[in-house]
>>> print(open('input_27.cif').read())   # mmCIF, C-alpha atoms and all ligand atoms; chains and numbers go by the auth columns
data_query
loop_
_atom_site.group_PDB
_atom_site.id
_atom_site.type_symbol
_atom_site.label_atom_id
_atom_site.label_comp_id
_atom_site.label_asym_id
_atom_site.label_seq_id
_atom_site.Cartn_x
_atom_site.Cartn_y
_atom_site.Cartn_z
_atom_site.B_iso_or_equiv
_atom_site.auth_seq_id
_atom_site.auth_asym_id
ATOM 1 C CA MET A 1 -5.559 -21.317 8.863 0.00 141 A
ATOM 2 C CA LYS A 2 -6.904 -17.909 9.883 0.00 142 A
ATOM 3 C CA LYS A 3 -9.578 -16.740 7.469 0.00 143 A
ATOM 4 C CA ILE A 4 -9.818 -13.292 5.926 0.00 144 A
ATOM 5 C CA ILE A 5 -12.911 -11.465 4.716 0.00 145 A
ATOM 6 C CA THR A 6 -12.125 -8.312 2.745 0.00 146 A
ATOM 7 C CA ILE A 7 -14.642 -5.513 2.249 0.00 147 A
ATOM 8 C CA ASP A 8 -13.785 -2.868 -0.329 0.00 148 A
ATOM 9 C CA GLY A 9 -15.777 0.026 -1.725 0.00 149 A
ATOM 10 C CA PRO A 10 -16.095 3.809 -1.857 0.00 150 A
ATOM 11 C CA SER A 11 -16.878 6.101 1.097 0.00 151 A
ATOM 12 C CA GLY A 12 -20.258 5.918 2.784 0.00 152 A
ATOM 13 C CA VAL A 13 -21.253 2.358 1.820 0.00 153 A
ATOM 14 C CA GLY A 14 -21.054 1.236 5.451 0.00 154 A
ATOM 15 C CA LYS A 15 -17.877 -0.856 5.225 0.00 155 A
ATOM 16 C CA THR A 16 -16.873 -0.178 8.834 0.00 156 A
ATOM 17 C CA THR A 17 -20.255 -0.648 10.516 0.00 157 A
ATOM 18 C CA ILE A 18 -21.046 -3.762 8.496 0.00 158 A
ATOM 19 C CA GLY A 19 -17.523 -5.190 8.842 0.00 159 A
ATOM 20 C CA GLN A 20 -17.506 -4.693 12.612 0.00 160 A
ATOM 21 C CA GLU A 21 -20.803 -6.514 12.972 0.00 161 A
ATOM 22 C CA ILE A 22 -19.715 -9.461 10.832 0.00 162 A
ATOM 23 C CA ALA A 23 -16.447 -9.706 12.788 0.00 163 A
ATOM 24 C CA LEU A 24 -18.397 -9.686 16.051 0.00 164 A
ATOM 25 C CA ASN A 25 -20.659 -12.501 14.782 0.00 165 A
ATOM 26 C CA LEU A 26 -17.704 -14.661 13.810 0.00 166 A
ATOM 27 C CA ASN A 27 -15.415 -13.743 16.688 0.00 167 A
ATOM 28 C CA TYR A 28 -12.911 -12.354 14.216 0.00 168 A
ATOM 29 C CA SER A 29 -10.745 -9.249 14.563 0.00 169 A
ATOM 30 C CA PHE A 30 -11.788 -6.177 12.602 0.00 170 A
ATOM 31 C CA PHE A 31 -9.630 -3.423 11.168 0.00 171 A
ATOM 32 C CA SER A 32 -10.289 -0.369 9.026 0.00 172 A
ATOM 33 C CA SER A 33 -7.246 0.113 6.772 0.00 173 A
ATOM 34 C CA GLY A 34 -8.111 3.774 6.160 0.00 174 A
ATOM 35 C CA LYS A 35 -7.119 4.388 9.777 0.00 175 A
ATOM 36 C CA LEU A 36 -3.466 3.757 8.871 0.00 176 A
ATOM 37 C CA TYR A 37 -3.633 6.216 5.963 0.00 177 A
ATOM 38 C CA ARG A 38 -5.125 8.683 8.428 0.00 178 A
ATOM 39 C CA TYR A 39 -2.240 8.031 10.885 0.00 179 A
ATOM 40 C CA VAL A 40 0.367 8.648 8.188 0.00 180 A
ATOM 41 C CA SER A 41 -1.513 11.743 7.054 0.00 181 A
ATOM 42 C CA LYS A 42 -1.827 13.232 10.547 0.00 182 A
ATOM 43 C CA TYR A 43 1.821 12.571 11.442 0.00 183 A
ATOM 44 C CA SER A 44 3.120 13.871 8.145 0.00 184 A
ATOM 45 C CA TYR A 45 0.941 16.986 8.449 0.00 185 A
ATOM 46 C CA ASP A 46 1.823 17.758 12.083 0.00 186 A
ATOM 47 C CA GLU A 47 5.534 17.011 11.805 0.00 187 A
ATOM 48 C CA LYS A 48 5.778 18.572 8.336 0.00 188 A
ATOM 49 C CA THR A 49 7.651 15.602 6.929 0.00 189 A
ATOM 50 C CA ASN A 50 7.130 13.185 4.085 0.00 190 A
ATOM 51 C CA ASN A 51 10.192 11.051 4.845 0.00 191 A
ATOM 52 C CA TYR A 52 7.930 8.039 4.907 0.00 192 A
ATOM 53 C CA ASP A 53 10.780 5.562 5.272 0.00 193 A
ATOM 54 C CA GLU A 54 11.316 7.009 8.773 0.00 194 A
ATOM 55 C CA PHE A 55 7.708 6.306 9.802 0.00 195 A
ATOM 56 C CA ASN A 56 7.402 3.425 12.235 0.00 196 A
ATOM 57 C CA LEU A 57 3.774 2.281 12.033 0.00 197 A
ATOM 58 C CA SER A 58 2.254 -0.537 14.073 0.00 198 A
ATOM 59 C CA ILE A 59 -1.069 -2.058 15.185 0.00 199 A
ATOM 60 C CA ASP A 60 -1.317 -4.137 18.366 0.00 200 A
ATOM 61 C CA ILE A 61 -3.567 -7.197 18.467 0.00 201 A
ATOM 62 C CA SER A 62 -6.422 -5.097 19.916 0.00 202 A
ATOM 63 C CA GLY A 63 -6.250 -2.796 16.898 0.00 203 A
ATOM 64 C CA ASN A 64 -4.517 0.165 18.607 0.00 204 A
ATOM 65 C CA CYS A 65 -2.112 2.027 16.311 0.00 205 A
ATOM 66 C CA LEU A 66 1.159 3.865 16.903 0.00 206 A
ATOM 67 C CA ILE A 67 3.255 5.982 14.593 0.00 207 A
ATOM 68 C CA ASN A 68 6.750 6.773 15.858 0.00 208 A
ATOM 69 C CA ASN A 69 5.356 6.116 19.344 0.00 209 A
ATOM 70 C CA ILE A 70 2.463 8.565 18.963 0.00 210 A
ATOM 71 C CA SER A 71 -1.200 7.558 19.086 0.00 211 A
ATOM 72 C CA TYR A 72 -4.100 9.731 17.935 0.00 212 A
ATOM 73 C CA SER A 73 -7.725 9.958 19.046 0.00 213 A
ATOM 74 C CA ASP A 74 -10.531 9.382 16.526 0.00 214 A
ATOM 75 C CA ASP A 75 -11.341 13.104 16.629 0.00 215 A
ATOM 76 C CA GLU A 76 -7.823 13.882 15.451 0.00 216 A
ATOM 77 C CA LEU A 77 -8.115 11.395 12.582 0.00 217 A
ATOM 78 C CA TYR A 78 -11.709 11.625 11.379 0.00 218 A
ATOM 79 C CA ASN A 79 -12.134 15.244 10.376 0.00 219 A
ATOM 80 C CA LYS A 80 -12.354 17.401 7.259 0.00 220 A
ATOM 81 C CA ASN A 81 -8.647 18.105 7.027 0.00 221 A
ATOM 82 C CA ILE A 82 -7.512 14.483 7.397 0.00 222 A
ATOM 83 C CA ASN A 83 -10.289 13.203 5.075 0.00 223 A
ATOM 84 C CA LYS A 84 -8.739 15.228 2.288 0.00 224 A
ATOM 85 C CA HIS A 85 -5.068 14.905 3.183 0.00 225 A
ATOM 86 C CA SER A 86 -5.184 11.113 3.743 0.00 226 A
ATOM 87 C CA SER A 87 -6.541 10.599 0.236 0.00 227 A
ATOM 88 C CA GLU A 88 -3.634 12.720 -1.101 0.00 228 A
ATOM 89 C CA ILE A 89 -0.827 10.850 0.673 0.00 229 A
ATOM 90 C CA ALA A 90 -2.462 7.489 -0.191 0.00 230 A
ATOM 91 C CA LYS A 91 -1.267 7.993 -3.791 0.00 231 A
ATOM 92 C CA ASP A 92 2.372 7.594 -2.756 0.00 232 A
ATOM 93 C CA PRO A 93 3.807 4.091 -3.386 0.00 233 A
ATOM 94 C CA LEU A 94 6.006 4.343 -0.253 0.00 234 A
ATOM 95 C CA VAL A 95 2.955 5.050 1.897 0.00 235 A
ATOM 96 C CA ARG A 96 1.037 2.168 0.318 0.00 236 A
ATOM 97 C CA GLU A 97 3.936 -0.210 0.964 0.00 237 A
ATOM 98 C CA LEU A 98 4.208 0.958 4.591 0.00 238 A
ATOM 99 C CA VAL A 99 0.483 0.420 5.186 0.00 239 A
ATOM 100 C CA LYS A 100 0.452 -2.938 3.411 0.00 240 A
ATOM 101 C CA ASN A 101 3.366 -4.278 5.468 0.00 241 A
ATOM 102 C CA THR A 102 1.801 -3.021 8.701 0.00 242 A
ATOM 103 C CA LEU A 103 -1.468 -4.811 7.835 0.00 243 A
ATOM 104 C CA LEU A 104 0.292 -8.067 6.957 0.00 244 A
ATOM 105 C CA THR A 105 2.176 -7.993 10.282 0.00 245 A
ATOM 106 C CA PHE A 106 -1.108 -7.340 12.116 0.00 246 A
ATOM 107 C CA TYR A 107 -2.721 -10.324 10.390 0.00 247 A
ATOM 108 C CA ASN A 108 0.230 -12.540 11.375 0.00 248 A
ATOM 109 C CA ASP A 109 0.018 -11.390 15.008 0.00 249 A
ATOM 110 C CA ILE A 110 -3.704 -11.876 15.652 0.00 250 A
ATOM 111 C CA PRO A 111 -4.904 -15.270 16.856 0.00 251 A
ATOM 112 C CA SER A 112 -8.287 -15.110 15.067 0.00 252 A
ATOM 113 C CA GLY A 113 -9.674 -14.586 11.594 0.00 253 A
ATOM 114 C CA LEU A 114 -9.870 -11.061 10.197 0.00 254 A
ATOM 115 C CA VAL A 115 -12.489 -8.826 8.621 0.00 255 A
ATOM 116 C CA ILE A 116 -10.700 -5.922 6.974 0.00 256 A
ATOM 117 C CA GLU A 117 -12.114 -2.995 5.017 0.00 257 A
ATOM 118 C CA GLY A 118 -10.628 -0.432 2.635 0.00 258 A
ATOM 119 C CA ARG A 119 -10.047 0.311 -1.026 0.00 259 A
ATOM 120 C CA ASP A 120 -7.522 -2.371 -2.064 0.00 260 A
ATOM 121 C CA MET A 121 -7.873 -5.116 0.550 0.00 261 A
ATOM 122 C CA GLY A 122 -9.100 -7.853 -1.829 0.00 262 A
ATOM 123 C CA SER A 123 -7.138 -6.659 -4.855 0.00 263 A
ATOM 124 C CA VAL A 124 -3.666 -5.874 -3.469 0.00 264 A
ATOM 125 C CA VAL A 125 -3.115 -6.501 0.244 0.00 265 A
ATOM 126 C CA PHE A 126 -4.967 -9.827 0.684 0.00 266 A
ATOM 127 C CA PRO A 127 -5.460 -11.132 -2.879 0.00 267 A
ATOM 128 C CA ASN A 128 -5.763 -14.705 -1.529 0.00 268 A
ATOM 129 C CA ALA A 129 -8.510 -13.898 0.983 0.00 269 A
ATOM 130 C CA GLU A 130 -11.162 -16.628 1.253 0.00 270 A
ATOM 131 C CA SER A 131 -14.036 -14.155 0.956 0.00 271 A
ATOM 132 C CA LYS A 132 -14.179 -10.822 -0.816 0.00 272 A
ATOM 133 C CA ILE A 133 -17.012 -8.329 -0.749 0.00 273 A
ATOM 134 C CA TYR A 134 -17.356 -5.181 -2.835 0.00 274 A
ATOM 135 C CA LEU A 135 -19.956 -2.807 -1.422 0.00 275 A
ATOM 136 C CA ASP A 136 -21.391 -0.044 -3.555 0.00 276 A
ATOM 137 C CA ALA A 137 -24.275 2.450 -3.442 0.00 277 A
ATOM 138 C CA ASP A 138 -25.523 5.441 -5.384 0.00 278 A
ATOM 139 C CA GLU A 139 -23.167 8.375 -4.742 0.00 279 A
ATOM 140 C CA ASN A 140 -25.857 10.779 -3.567 0.00 280 A
ATOM 141 C CA ILE A 141 -27.038 8.231 -0.994 0.00 281 A
ATOM 142 C CA ARG A 142 -23.460 7.643 0.141 0.00 282 A
ATOM 143 C CA GLY A 143 -22.920 11.367 0.468 0.00 283 A
ATOM 144 C CA LYS A 144 -26.130 11.736 2.454 0.00 284 A
ATOM 145 C CA ARG A 145 -25.114 8.907 4.818 0.00 285 A
ATOM 146 C CA ARG A 146 -21.691 10.494 5.358 0.00 286 A
ATOM 147 C CA GLU A 147 -23.196 13.914 5.983 0.00 287 A
ATOM 148 C CA ASP A 148 -25.482 12.328 8.578 0.00 288 A
ATOM 149 C CA GLN A 149 -22.502 10.845 10.452 0.00 289 A
ATOM 150 C CA SER A 150 -21.743 13.640 12.895 0.00 290 A
ATOM 151 C CA GLY A 151 -17.988 12.982 13.058 0.00 291 A
ATOM 152 C CA SER A 152 -17.305 12.960 9.350 0.00 292 A
ATOM 153 C CA GLN A 153 -17.915 16.651 8.528 0.00 293 A
ATOM 154 C CA GLU A 154 -17.781 15.846 4.826 0.00 294 A
ATOM 155 C CA THR A 155 -20.166 17.229 2.208 0.00 295 A
ATOM 156 C CA ILE A 156 -21.507 15.213 -0.749 0.00 296 A
ATOM 157 C CA GLU A 157 -19.284 17.236 -3.072 0.00 297 A
ATOM 158 C CA GLU A 158 -16.157 16.516 -0.988 0.00 298 A
ATOM 159 C CA ILE A 159 -16.976 12.815 -0.923 0.00 299 A
ATOM 160 C CA LYS A 160 -17.359 12.743 -4.695 0.00 300 A
ATOM 161 C CA GLN A 161 -13.957 14.402 -5.078 0.00 301 A
ATOM 162 C CA ARG A 162 -12.281 11.977 -2.636 0.00 302 A
ATOM 163 C CA ASP A 163 -13.837 8.939 -4.352 0.00 303 A
ATOM 164 C CA HIS A 164 -12.718 10.262 -7.713 0.00 304 A
ATOM 165 C CA LYS A 165 -9.134 10.522 -6.426 0.00 305 A
ATOM 166 C CA ASP A 166 -9.247 7.063 -4.802 0.00 306 A
ATOM 167 C CA MET A 167 -10.592 5.457 -7.997 0.00 307 A
ATOM 168 C CA ASN A 168 -8.349 7.184 -10.501 0.00 308 A
ATOM 169 C CA ARG A 169 -4.925 7.130 -8.874 0.00 309 A
ATOM 170 C CA GLU A 170 -2.132 5.078 -10.426 0.00 310 A
ATOM 171 C CA GLU A 171 -1.192 3.065 -7.314 0.00 311 A
ATOM 172 C CA SER A 172 -3.770 0.501 -6.145 0.00 312 A
ATOM 173 C CA PRO A 173 -6.886 2.411 -7.191 0.00 313 A
ATOM 174 C CA LEU A 174 -10.234 1.324 -5.814 0.00 314 A
ATOM 175 C CA VAL A 175 -11.349 -1.546 -8.088 0.00 315 A
ATOM 176 C CA ILE A 176 -13.701 -4.500 -7.786 0.00 316 A
ATOM 177 C CA PRO A 177 -11.375 -7.368 -6.753 0.00 317 A
ATOM 178 C CA GLU A 178 -11.415 -10.564 -8.794 0.00 318 A
ATOM 179 C CA ASN A 179 -13.930 -13.082 -7.369 0.00 319 A
ATOM 180 C CA ALA A 180 -15.570 -10.447 -5.173 0.00 320 A
ATOM 181 C CA ILE A 181 -19.258 -10.644 -4.348 0.00 321 A
ATOM 182 C CA ILE A 182 -20.748 -7.287 -5.342 0.00 322 A
ATOM 183 C CA ILE A 183 -23.522 -5.862 -3.209 0.00 323 A
ATOM 184 C CA ASP A 184 -25.268 -2.597 -4.018 0.00 324 A
ATOM 185 C CA ASN A 185 -26.911 -1.366 -0.833 0.00 325 A
ATOM 186 C CA THR A 186 -28.460 1.847 -2.180 0.00 326 A
ATOM 187 C CA ASN A 187 -31.914 0.646 -1.120 0.00 327 A
ATOM 188 C CA LYS A 188 -30.901 -1.705 1.668 0.00 328 A
ATOM 189 C CA THR A 189 -30.620 -1.186 5.400 0.00 329 A
ATOM 190 C CA LYS A 190 -27.470 -2.136 7.287 0.00 330 A
ATOM 191 C CA GLU A 191 -29.269 -5.254 8.596 0.00 331 A
ATOM 192 C CA GLU A 192 -30.380 -6.324 5.100 0.00 332 A
ATOM 193 C CA THR A 193 -26.844 -5.875 3.790 0.00 333 A
ATOM 194 C CA ILE A 194 -25.357 -7.990 6.600 0.00 334 A
ATOM 195 C CA GLU A 195 -27.988 -10.676 6.035 0.00 335 A
ATOM 196 C CA GLU A 196 -27.142 -10.796 2.334 0.00 336 A
ATOM 197 C CA ILE A 197 -23.407 -11.066 3.048 0.00 337 A
ATOM 198 C CA ILE A 198 -23.908 -13.868 5.561 0.00 338 A
ATOM 199 C CA GLU A 199 -26.137 -15.718 3.118 0.00 339 A
ATOM 200 C CA LYS A 200 -23.849 -15.270 0.113 0.00 340 A
ATOM 201 C CA LEU A 201 -20.688 -16.203 1.998 0.00 341 A
ATOM 202 C CA LYS A 202 -22.496 -19.120 3.672 0.00 342 A
ATOM 203 C CA LEU A 203 -21.105 -17.985 7.010 0.00 343 A
HETATM 204 O O1 LIG B . -11.710 4.603 4.677 0.00 401 B
HETATM 205 P P1 LIG B . -11.256 5.977 5.074 0.00 401 B
HETATM 206 O O2 LIG B . -12.241 7.062 4.701 0.00 401 B
HETATM 207 O O3 LIG B . -10.883 6.066 6.533 0.00 401 B
HETATM 208 O O4 LIG B . -9.902 6.220 4.238 0.00 401 B
HETATM 209 C C1 LIG B . -9.234 7.445 4.223 0.00 401 B
HETATM 210 C C2 LIG B . -8.435 7.552 2.918 0.00 401 B
HETATM 211 O O5 LIG B . -7.389 6.580 2.936 0.00 401 B
HETATM 212 C C3 LIG B . -9.220 7.283 1.631 0.00 401 B
HETATM 213 O O6 LIG B . -9.778 8.445 1.070 0.00 401 B
HETATM 214 C C4 LIG B . -8.182 6.710 0.716 0.00 401 B
HETATM 215 C C5 LIG B . -7.188 6.059 1.631 0.00 401 B
HETATM 216 N N1 LIG B . -7.317 4.591 1.653 0.00 401 B
HETATM 217 C C6 LIG B . -6.702 3.903 0.634 0.00 401 B
HETATM 218 O O7 LIG B . -6.132 4.508 -0.272 0.00 401 B
HETATM 219 N N2 LIG B . -6.704 2.539 0.644 0.00 401 B
HETATM 220 C C7 LIG B . -7.332 1.865 1.626 0.00 401 B
HETATM 221 N N3 LIG B . -7.315 0.542 1.606 0.00 401 B
HETATM 222 C C8 LIG B . -8.013 2.565 2.643 0.00 401 B
HETATM 223 C C9 LIG B . -8.003 3.948 2.622 0.00 401 B
#
>>> encode(input="input_27.cif", output="structure tokens")
Amino acid sequence: MKKIITIDGPSGVGKTTIGQEIALNLNYSFFSSGKLYRYVSKYSYDEKTNNYDEFNLSIDISGNCLINNISYSDDELYNKNINKHSSEIAKDPLVRELVKNTLLTFYNDIPSGLVIEGRDMGSVVFPNAESKIYLDADENIRGKRREDQSGSQETIEEIKQRDHKDMNREESPLVIPENAIIIDNTNKTKEETIEEIIEKLKL
């Protein structure tokens, strides 16, 4: 049976960096579910359509995505406009269903275990995952970390607003999944956080 490790939490807690490193250690695949929300957002914005049932979204086993045969570069996805817009479209139940189904297909296709990060990975998409992590940190620290990431172009205030939206929406809001191990890394380095995860999950 292929194992799944879910990592959920708000922006700027290091879910991607930490998840990628754990996946590398275990020889698992890694995927950032926010990337799919960003794909839907970018396509919907560019093509001026929210006919989500006509969106054909896929991930190949290397983690490359396509939406109606279009692929986007990271620069096109990770920017101020898509940060905001992706959080908006993520409220729509049709979008959430599309992303969930795409992730489940990806998991079925890959030969290895999976480390997957997002906002509802342990609570909604993979509720039966073997290991669930919830990462948290003080919001000013998270904002500072995001501001320091050159690609993100997001201010502390914008991050607070996005987190607020992601935590208070009706559909699959960001919550601490049942049975999740909670780690607050406000005062921890990336290495210390990874060490704690490996120790707590007995990996
Ligand atoms: O993780 P990220 O910053 O790339 O995610 C972009 C947006 O996508 C985020 O603000 C909310 C949405 N998202 C979500 O609703 N559920 C997920 N599992 C992942 C992301």
>>> resolve_selection(input="input_27.cif", expression="the PyMOL selection byres (((chain A and resi 247) around 12) and not hetatm)", output="ChimeraX atom specification")
/A:141-145,168-171,173,198-203,240-246,248-256,265-266,269
>>> closest_residue(input="input_27.cif", among="A:Lys175, A:Lys224, A:Arg282, A:Lys272", to="Arg302 (chain A)", atoms="all atoms listed in the file")
A:Lys224
>>> residues_near_ligand(input="input_27.cif", ligand="ligand LIG 401 (chain B)", cutoff="7 Å", atoms="only C-alpha atoms and all ligand atoms", output="MDAnalysis selection string")
chainID A and resid 151 172:175 177:178 223:224 226:227 230:231 257:261 302:303 306
>>> residues_around(input="input_27.cif", residues="Val153 (chain A)", least_positions_apart="6", cutoff="10 Å", atoms="only C-alpha atoms", output="list in words")
Tyr274, Leu275, Asp276, Ala277, Asp278, Glu279, Ile281, Arg282, Gly283, Arg285, Arg286, Ile323, Asp324, Asn325, Thr326 and Lys330 of chain A
>>> atom_distance(input="input_27.cif", atom1="CA of Gly154 (chain A)", atom2="CA of Ile207 (chain A)")
26.4 Å
>>> atom_distance(input="input_27.cif", atom1="CA of Arg309 (chain A)", atom2="CA of Ile158 (chain A)")
26.1 Å
>>> atom_distance(input="input_27.cif", atom1="CA of Leu238 (chain A)", atom2="CA of Asn196 (chain A)")
8.6 Å
>>> resolve_selection(input="input_27.cif", expression="the PyMOL selection byres (((chain A and resi 293) around 12) and not hetatm)", output="list in words")
Asp215, Leu217, Tyr218, Asn219, Lys220, Asn221, Ile222, Asn223, Lys224, Gly283, Lys284, Arg285, Arg286, Glu287, Asp288, Gln289, Ser290, Gly291, Ser292, Glu294, Thr295, Ile296, Glu297, Glu298 and Ile299 of chain A
>>> axis_aligned_box(input="input_27.cif", around="region 208-217 of chain A", padding_each_side="3 Å", output="JSON")
{"center_x": -2.3, "center_y": 10.0, "center_z": 16.0, "size_x": 24.1, "size_y": 13.8, "size_z": 12.8}
>>> closest_residue(input="input_27.cif", among="A:Glu318, A:Glu228, A:Asp214, A:Asp148", to="Ser184 (chain A)", atoms="only C-alpha atoms")
A:Glu228
>>> closest_residue(input="input_27.cif", among="A:Asn268, A:Asp232, A:Asn167, A:Glu237", to="Asn190 (chain A)", atoms="all atoms listed in the file")
A:Asp232
>>> residues_near_point(input="input_27.cif", point="(-0.3, 9.2, 9.7)", cutoff="10 Å", atoms="only C-alpha atoms", output="PDB file with C-alpha atoms, keeping the file's coordinate frame")
ATOM      1  CA  LYS A 175      -7.119   4.388   9.777  1.00  0.00           C
ATOM      2  CA  LEU A 176      -3.466   3.757   8.871  1.00  0.00           C
ATOM      3  CA  TYR A 177      -3.633   6.216   5.963  1.00  0.00           C
ATOM      4  CA  ARG A 178      -5.125   8.683   8.428  1.00  0.00           C
ATOM      5  CA  TYR A 179      -2.240   8.031  10.885  1.00  0.00           C
ATOM      6  CA  VAL A 180       0.367   8.648   8.188  1.00  0.00           C
ATOM      7  CA  SER A 181      -1.513  11.743   7.054  1.00  0.00           C
ATOM      8  CA  LYS A 182      -1.827  13.232  10.547  1.00  0.00           C
ATOM      9  CA  TYR A 183       1.821  12.571  11.442  1.00  0.00           C
ATOM     10  CA  SER A 184       3.120  13.871   8.145  1.00  0.00           C
ATOM     11  CA  TYR A 185       0.941  16.986   8.449  1.00  0.00           C
ATOM     12  CA  ASP A 186       1.823  17.758  12.083  1.00  0.00           C
ATOM     13  CA  GLU A 187       5.534  17.011  11.805  1.00  0.00           C
ATOM     14  CA  TYR A 192       7.930   8.039   4.907  1.00  0.00           C
ATOM     15  CA  PHE A 195       7.708   6.306   9.802  1.00  0.00           C
ATOM     16  CA  ASN A 196       7.402   3.425  12.235  1.00  0.00           C
ATOM     17  CA  LEU A 197       3.774   2.281  12.033  1.00  0.00           C
ATOM     18  CA  CYS A 205      -2.112   2.027  16.311  1.00  0.00           C
ATOM     19  CA  LEU A 206       1.159   3.865  16.903  1.00  0.00           C
ATOM     20  CA  ILE A 207       3.255   5.982  14.593  1.00  0.00           C
ATOM     21  CA  ASN A 208       6.750   6.773  15.858  1.00  0.00           C
ATOM     22  CA  ILE A 210       2.463   8.565  18.963  1.00  0.00           C
ATOM     23  CA  SER A 211      -1.200   7.558  19.086  1.00  0.00           C
ATOM     24  CA  TYR A 212      -4.100   9.731  17.935  1.00  0.00           C
ATOM     25  CA  LEU A 217      -8.115  11.395  12.582  1.00  0.00           C
ATOM     26  CA  ILE A 222      -7.512  14.483   7.397  1.00  0.00           C
ATOM     27  CA  HIS A 225      -5.068  14.905   3.183  1.00  0.00           C
ATOM     28  CA  SER A 226      -5.184  11.113   3.743  1.00  0.00           C
ATOM     29  CA  ILE A 229      -0.827  10.850   0.673  1.00  0.00           C
ATOM     30  CA  VAL A 235       2.955   5.050   1.897  1.00  0.00           C
ATOM     31  CA  VAL A 239       0.483   0.420   5.186  1.00  0.00           C
TER      32      VAL A 239
END
>>> residues_around(input="input_27.cif", residues="Ala320 (chain A)", least_positions_apart="5", cutoff="9 Å", atoms="all atoms listed in the file", output="JSON, numbers by chain")
{"A": [146, 147, 262, 271, 272, 273, 274]}
>>> closest_residue(input="input_27.cif", among="A:Asn280, A:Ser263, A:Asn191, A:Asn204", to="Leu234 (chain A)", atoms="all atoms listed in the file")
A:Asn191
>>> resolve_selection(input="input_27.cif", expression="the PyMOL selection byres (((chain A and resi 334) around 12) and not hetatm)", output="PyMOL selection string")
chain A and resi 147+154-165+273+275+323-325+328-333+335-343
>>> build_atoms(input="input_27.cif", residues="region 197-208 of chain A", atoms="N, CA, C and O atoms", output="PDB file, in the coordinates of the input")
ATOM      1  N   LEU A 197       5.224   2.418  11.868  1.00  0.00           N
ATOM      2  CA  LEU A 197       3.774   2.281  12.033  1.00  0.00           C
ATOM      3  C   LEU A 197       3.445   0.884  12.540  1.00  0.00           C
ATOM      4  O   LEU A 197       3.979  -0.100  12.018  1.00  0.00           O
ATOM      5  N   SER A 198       2.601   0.800  13.569  1.00  0.00           N
ATOM      6  CA  SER A 198       2.254  -0.537  14.073  1.00  0.00           C
ATOM      7  C   SER A 198       0.807  -0.580  14.576  1.00  0.00           C
ATOM      8  O   SER A 198       0.208   0.454  14.885  1.00  0.00           O
ATOM      9  N   ILE A 199       0.276  -1.819  14.624  1.00  0.00           N
ATOM     10  CA  ILE A 199      -1.069  -2.058  15.185  1.00  0.00           C
ATOM     11  C   ILE A 199      -0.913  -3.181  16.195  1.00  0.00           C
ATOM     12  O   ILE A 199      -0.338  -4.232  15.848  1.00  0.00           O
ATOM     13  N   ASP A 200      -1.393  -3.006  17.438  1.00  0.00           N
ATOM     14  CA  ASP A 200      -1.317  -4.137  18.366  1.00  0.00           C
ATOM     15  C   ASP A 200      -2.519  -5.058  18.134  1.00  0.00           C
ATOM     16  O   ASP A 200      -3.413  -4.727  17.343  1.00  0.00           O
ATOM     17  N   ILE A 201      -2.530  -6.216  18.805  1.00  0.00           N
ATOM     18  CA  ILE A 201      -3.567  -7.197  18.467  1.00  0.00           C
ATOM     19  C   ILE A 201      -4.982  -6.726  18.825  1.00  0.00           C
ATOM     20  O   ILE A 201      -5.962  -7.290  18.364  1.00  0.00           O
ATOM     21  N   SER A 202      -5.088  -5.655  19.635  1.00  0.00           N
ATOM     22  CA  SER A 202      -6.422  -5.097  19.916  1.00  0.00           C
ATOM     23  C   SER A 202      -6.822  -4.048  18.888  1.00  0.00           C
ATOM     24  O   SER A 202      -7.898  -3.452  18.976  1.00  0.00           O
ATOM     25  N   GLY A 203      -5.917  -3.763  17.947  1.00  0.00           N
ATOM     26  CA  GLY A 203      -6.250  -2.796  16.898  1.00  0.00           C
ATOM     27  C   GLY A 203      -5.789  -1.376  17.199  1.00  0.00           C
ATOM     28  O   GLY A 203      -6.109  -0.451  16.458  1.00  0.00           O
ATOM     29  N   ASN A 204      -5.027  -1.182  18.292  1.00  0.00           N
ATOM     30  CA  ASN A 204      -4.517   0.165  18.607  1.00  0.00           C
ATOM     31  C   ASN A 204      -3.282   0.457  17.755  1.00  0.00           C
ATOM     32  O   ASN A 204      -2.416  -0.402  17.619  1.00  0.00           O
ATOM     33  N   CYS A 205      -3.222   1.681  17.221  1.00  0.00           N
ATOM     34  CA  CYS A 205      -2.112   2.027  16.311  1.00  0.00           C
ATOM     35  C   CYS A 205      -1.123   2.961  16.985  1.00  0.00           C
ATOM     36  O   CYS A 205      -1.471   3.712  17.893  1.00  0.00           O
ATOM     37  N   LEU A 206       0.108   2.926  16.478  1.00  0.00           N
ATOM     38  CA  LEU A 206       1.159   3.865  16.903  1.00  0.00           C
ATOM     39  C   LEU A 206       1.940   4.273  15.676  1.00  0.00           C
ATOM     40  O   LEU A 206       2.197   3.436  14.792  1.00  0.00           O
ATOM     41  N   ILE A 207       2.334   5.550  15.639  1.00  0.00           N
ATOM     42  CA  ILE A 207       3.255   5.982  14.593  1.00  0.00           C
ATOM     43  C   ILE A 207       4.395   6.727  15.283  1.00  0.00           C
ATOM     44  O   ILE A 207       4.160   7.702  16.000  1.00  0.00           O
ATOM     45  N   ASN A 208       5.594   6.238  15.130  1.00  0.00           N
ATOM     46  CA  ASN A 208       6.750   6.773  15.858  1.00  0.00           C
ATOM     47  C   ASN A 208       6.375   7.076  17.316  1.00  0.00           C
ATOM     48  O   ASN A 208       6.611   8.163  17.831  1.00  0.00           O
TER      49      ASN A 208
END
